[in-house]
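Take a look at the structure below.
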Amino acid sequence: MAEKQAKRRSPTMSPARIAQAVELMAQEYGPFEVERRLPPADEMVFTILSQHTSDINSGRAYNRLMERFGTLEAVAQGDVAAIEEAIAPGGLAKVKAPRIKEVLGKVLELNGGSLDLSFLREMPLTEAKAWLRQLPGIGPKSTGIVLNFSLGMPAMAIDTHIFRVCQRLRVIDARTNADKAHDVMEAKVPPDEVFNFHVAFINHGRRVCKAQRPLCEVCVVGEMCPSRKKMMAKPSATEDEAKKARAARTTQRGPGPMPHIPPPASSE
Ligand code: SF4
């Protein structure tokens with residue numbers, strides 16, 4: 001009991017140490033450059049298509065949707081069954097198609113019949129977040145992605161990978177849930193570093209600090225990780241695993257695909 005309480009009270013990582021972790025990850029997985037930005041309403045639709053599927057499948061679904069309908073205005077007026085058919089490669093099309101139509105309809109209703117959300121860029125961050133959060137099914141993660149990736153605003157988006165890495169590195173404490181983590185992390189990371197933080201931590205979570213078998217053996221921020229010892233003591237961290245991790249390091253380095261941005265349709 002006393003040990004549990006002490007753990008809860010243990011300090012979280014300071015902003016300076018977080019900046020150092022981002023720098024080390026950027027050296028490993030960077031450089032992080034935005035090659036392409038989607039308009040905000042498109043980014044919002046893409047976040048819906050990205051739920052519970054791979055980047056490849058959600059990219060295909062988005063590109064097929066745009067090929068079939070041409071514009072999001074046409075999607076908003078479209079038949080749910082036709083949207084469902086277009087986005088089928090992304091999975092869960094039965095759930096996502098009505099969700100996309102509903103959210104676009106709500107934007108049209110609240111925004112004078114327009115799907116252009118670029119006005120959000122002119123708002124203070126908290127107001128822009130609140131505007132998006134009133135839309136059906138748009139939570140803090142989707143809000144952060146739209147504002148940061150489409151409009152370049154310093155909004156945090158915490159997905160499952162980033163949340164896990166934050167917990168293991170004790171960037172946040174054990175009582176902070178994923179929803180609260182958005183505000184906590186916005187206070188800890190300087191605005192002009194939010195994008196780098198997001199891309200660095202998501203890469204690290206996907207490629208090294210994996211949910212089941214983190215590759216602690218080759219982790220670039222292992223020296224500063226309070227969870228490393230415990231993770232490496234797990235039965236799965238055998239010598240064989242360690243060998244595989246060392247071999248994997250060569251394939252874990254360098255830039256990967258940019259998250260939250262579908263590949264151009266021509267590259268598929
Ligand atoms: S040492 Fe292990 S648990 Fe800690 S951040 Fe690295 S991979 Fe994750």
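Identifiers for the structure tokens are assigned positionally: chains receive A, B, ... in sequence, residues are indexed from 1 per chain, and ligands are indexed from 1 in the order shown.
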
Around ligand 1, out to 10 Å and counting only C-alpha atoms and all ligand atoms, which residues are there? I want them as a PyMOL selection string.
chain A and resi 21+164-170+201+204-205+207-211+213-232

Can I get the selection written as an mmCIF file, in the first residue's frame, with C-alpha atoms?
data_model
loop_
_atom_site.group_PDB
_atom_site.id
_atom_site.type_symbol
_atom_site.label_atom_id
_atom_site.label_comp_id
_atom_site.auth_asym_id
_atom_site.auth_seq_id
_atom_site.Cartn_x
_atom_site.Cartn_y
_atom_site.Cartn_z
ATOM 1 C CA ALA A 21 13.733 12.515 -25.050
ATOM 2 C CA ARG A 164 1.753 4.096 -23.351
ATOM 3 C CA VAL A 165 5.178 5.687 -23.884
ATOM 4 C CA CYS A 166 4.194 8.636 -21.654
ATOM 5 C CA GLN A 167 3.225 6.225 -18.901
ATOM 6 C CA ARG A 168 6.355 4.089 -19.160
ATOM 7 C CA LEU A 169 8.668 7.096 -19.256
ATOM 8 C CA ARG A 170 6.583 8.629 -16.459
ATOM 9 C CA PHE A 201 6.500 9.516 -29.401
ATOM 10 C CA HIS A 204 8.799 5.272 -30.615
ATOM 11 C CA GLY A 205 5.606 3.545 -29.459
ATOM 12 C CA ARG A 207 8.546 0.781 -33.474
ATOM 13 C CA VAL A 208 10.321 0.186 -30.158
ATOM 14 C CA CYS A 209 8.208 0.730 -27.024
ATOM 15 C CA LYS A 210 5.583 -1.743 -28.224
ATOM 16 C CA ALA A 211 2.640 -2.764 -26.065
ATOM 17 C CA ARG A 213 7.289 -6.697 -26.034
ATOM 18 C CA PRO A 214 9.057 -3.360 -25.836
ATOM 19 C CA LEU A 215 12.555 -3.474 -27.329
ATOM 20 C CA CYS A 216 14.171 -1.964 -24.206
ATOM 21 C CA GLU A 217 17.498 -3.490 -25.187
ATOM 22 C CA VAL A 218 17.853 -1.029 -28.073
ATOM 23 C CA CYS A 219 15.781 1.856 -26.736
ATOM 24 C CA VAL A 220 17.277 5.269 -27.435
ATOM 25 C CA VAL A 221 15.713 6.728 -24.259
ATOM 26 C CA GLY A 222 16.317 3.648 -22.122
ATOM 27 C CA GLU A 223 18.787 5.482 -19.868
ATOM 28 C CA MET A 224 16.055 7.838 -18.686
ATOM 29 C CA CYS A 225 13.243 5.276 -18.465
ATOM 30 C CA PRO A 226 12.044 4.332 -14.977
ATOM 31 C CA SER A 227 10.190 1.285 -16.381
ATOM 32 C CA ARG A 228 13.127 -0.265 -18.206
ATOM 33 C CA LYS A 229 14.346 -2.517 -15.402
ATOM 34 C CA LYS A 230 10.881 -3.924 -14.773
ATOM 35 C CA MET A 231 10.196 -4.433 -18.480
ATOM 36 C CA MET A 232 13.509 -6.198 -19.046
#

Can you pull out every residue from segment 30-137 of chain A that DSSP, working from the backbone, puts in helix (DSSP H, G or I), and format the result as a count of residues only?
73

Fewer than 3 positions away in the same chain doesn't count, so skip those; otherwise give me all residues within 9 Å of Met13 of chain A, counting only C-alpha atoms, as a ChimeraX atom specification.
/A:16-18,169-172

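By chain and then residue number, the residues within 9 Å of segment 74-78 of chain A are A:Leu65, A:Met66, A:Arg68, A:Phe69, A:Gly70, A:Ala82, A:Ile83, A:Ile100, A:Lys101, A:Glu102, A:Val103, A:Leu104, A:Gly105, A:Leu108, counting only C-alpha atoms and disregarding those fewer than 4 positions away in sequence.
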
Could those residues be written to a file, using C-alpha atoms, as a compact mmCIF listing (two decimals), in the first residue's frame?
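Dumped to selection_37.txt:
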# COMPACT_ATOMS: atom_id res chain seq x y z
CA LEU A 65 -13.89 8.00 -50.97
CA MET A 66 -12.45 11.03 -52.75
CA ARG A 68 -15.90 8.20 -55.87
CA PHE A 69 -17.32 11.49 -54.62
CA GLY A 70 -14.80 14.12 -55.73
CA ALA A 82 -22.41 4.48 -51.30
CA ILE A 83 -20.06 5.96 -48.66
CA ILE A 100 -18.82 10.61 -41.52
CA LYS A 101 -22.14 11.73 -42.98
CA GLU A 102 -23.38 12.88 -39.57
CA VAL A 103 -20.25 14.88 -38.71
CA LEU A 104 -20.14 16.59 -42.12
CA GLY A 105 -23.84 17.43 -41.79
CA LEU A 108 -22.55 22.37 -42.56

So that I can check the surroundings of segment 52-61 of chain A, please list as a count of residues only every protein, DNA and RNA residue that reaches within 10 Å of it, counting only C-alpha atoms and ignoring chain neighbours fewer than 6 positions away.
23

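Using only C-alpha atoms, the nearest neighbour of His182 of chain A within the list A:Thr126, A:Gln20, A:Ser118, A:Thr47 is A:Thr126.
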
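Candidate residues A:Asp79, A:Glu122, A:Asp179, A:Asp192 were compared for distance to Pro98 of chain A, and the nearest is A:Asp79, using only C-alpha atoms.
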
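Nearest-residue note for Gly144 of chain A: choosing from A:Glu35, A:Glu186, A:Glu73, A:Asp42, the minimum distance belongs to A:Glu186, counting only C-alpha atoms.
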
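We find atom CA of His161 of chain A and atom CA of Ile202 of chain A to be spaced 5.7 Å apart.
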
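Our summary of the geometry notes that atom CA of Leu115 of chain A is positioned 13.0 Å from atom CA of Leu38 of chain A.
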
Please indicate the distance in Å from atom CA of Arg133 of chain A to atom CA of Glu33 of chain A, rounded to one decimal place.
27.3 Å

Need the shell around Glu127 of chain A: protein/DNA/RNA residues with any atom at most 12 Å away, counting only C-alpha atoms. Skip same-chain ones fewer than 6 positions apart. Format as a PDB file with N, CA and C atoms, in the first residue's frame?
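Wrote it out as out20.pdb, contents follow:
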ATOM      1  N   PHE A 119     -11.189  28.737 -40.584  1.00  0.00           N
ATOM      2  CA  PHE A 119     -11.390  29.841 -39.629  1.00  0.00           C
ATOM      3  C   PHE A 119     -10.908  29.470 -38.226  1.00  0.00           C
ATOM      4  N   LEU A 120     -10.807  28.163 -37.947  1.00  0.00           N
ATOM      5  CA  LEU A 120     -10.366  27.735 -36.609  1.00  0.00           C
ATOM      6  C   LEU A 120      -8.959  28.243 -36.294  1.00  0.00           C
ATOM      7  N   ARG A 121      -8.159  28.406 -37.351  1.00  0.00           N
ATOM      8  CA  ARG A 121      -6.773  28.847 -37.173  1.00  0.00           C
ATOM      9  C   ARG A 121      -6.700  30.230 -36.522  1.00  0.00           C
ATOM     10  N   ARG A 133     -14.967  20.005 -30.592  1.00  0.00           N
ATOM     11  CA  ARG A 133     -15.492  19.020 -29.638  1.00  0.00           C
ATOM     12  C   ARG A 133     -17.021  18.973 -29.613  1.00  0.00           C
ATOM     13  N   GLN A 134     -17.678  19.994 -30.161  1.00  0.00           N
ATOM     14  CA  GLN A 134     -19.141  19.940 -30.172  1.00  0.00           C
ATOM     15  C   GLN A 134     -19.657  19.025 -31.292  1.00  0.00           C
ATOM     16  N   THR A 143      -9.542  15.991 -32.301  1.00  0.00           N
ATOM     17  CA  THR A 143      -9.416  17.448 -32.266  1.00  0.00           C
ATOM     18  C   THR A 143      -7.949  17.857 -32.392  1.00  0.00           C
ATOM     19  N   LEU A 147      -6.278  20.006 -35.551  1.00  0.00           N
ATOM     20  CA  LEU A 147      -5.686  21.330 -35.321  1.00  0.00           C
ATOM     21  C   LEU A 147      -4.179  21.323 -35.554  1.00  0.00           C
ATOM     22  N   ALA A 155      -1.914  21.934 -30.761  1.00  0.00           N
ATOM     23  CA  ALA A 155      -2.839  21.079 -30.011  1.00  0.00           C
ATOM     24  C   ALA A 155      -2.256  19.676 -29.894  1.00  0.00           C
TER      25      ALA A 155
END
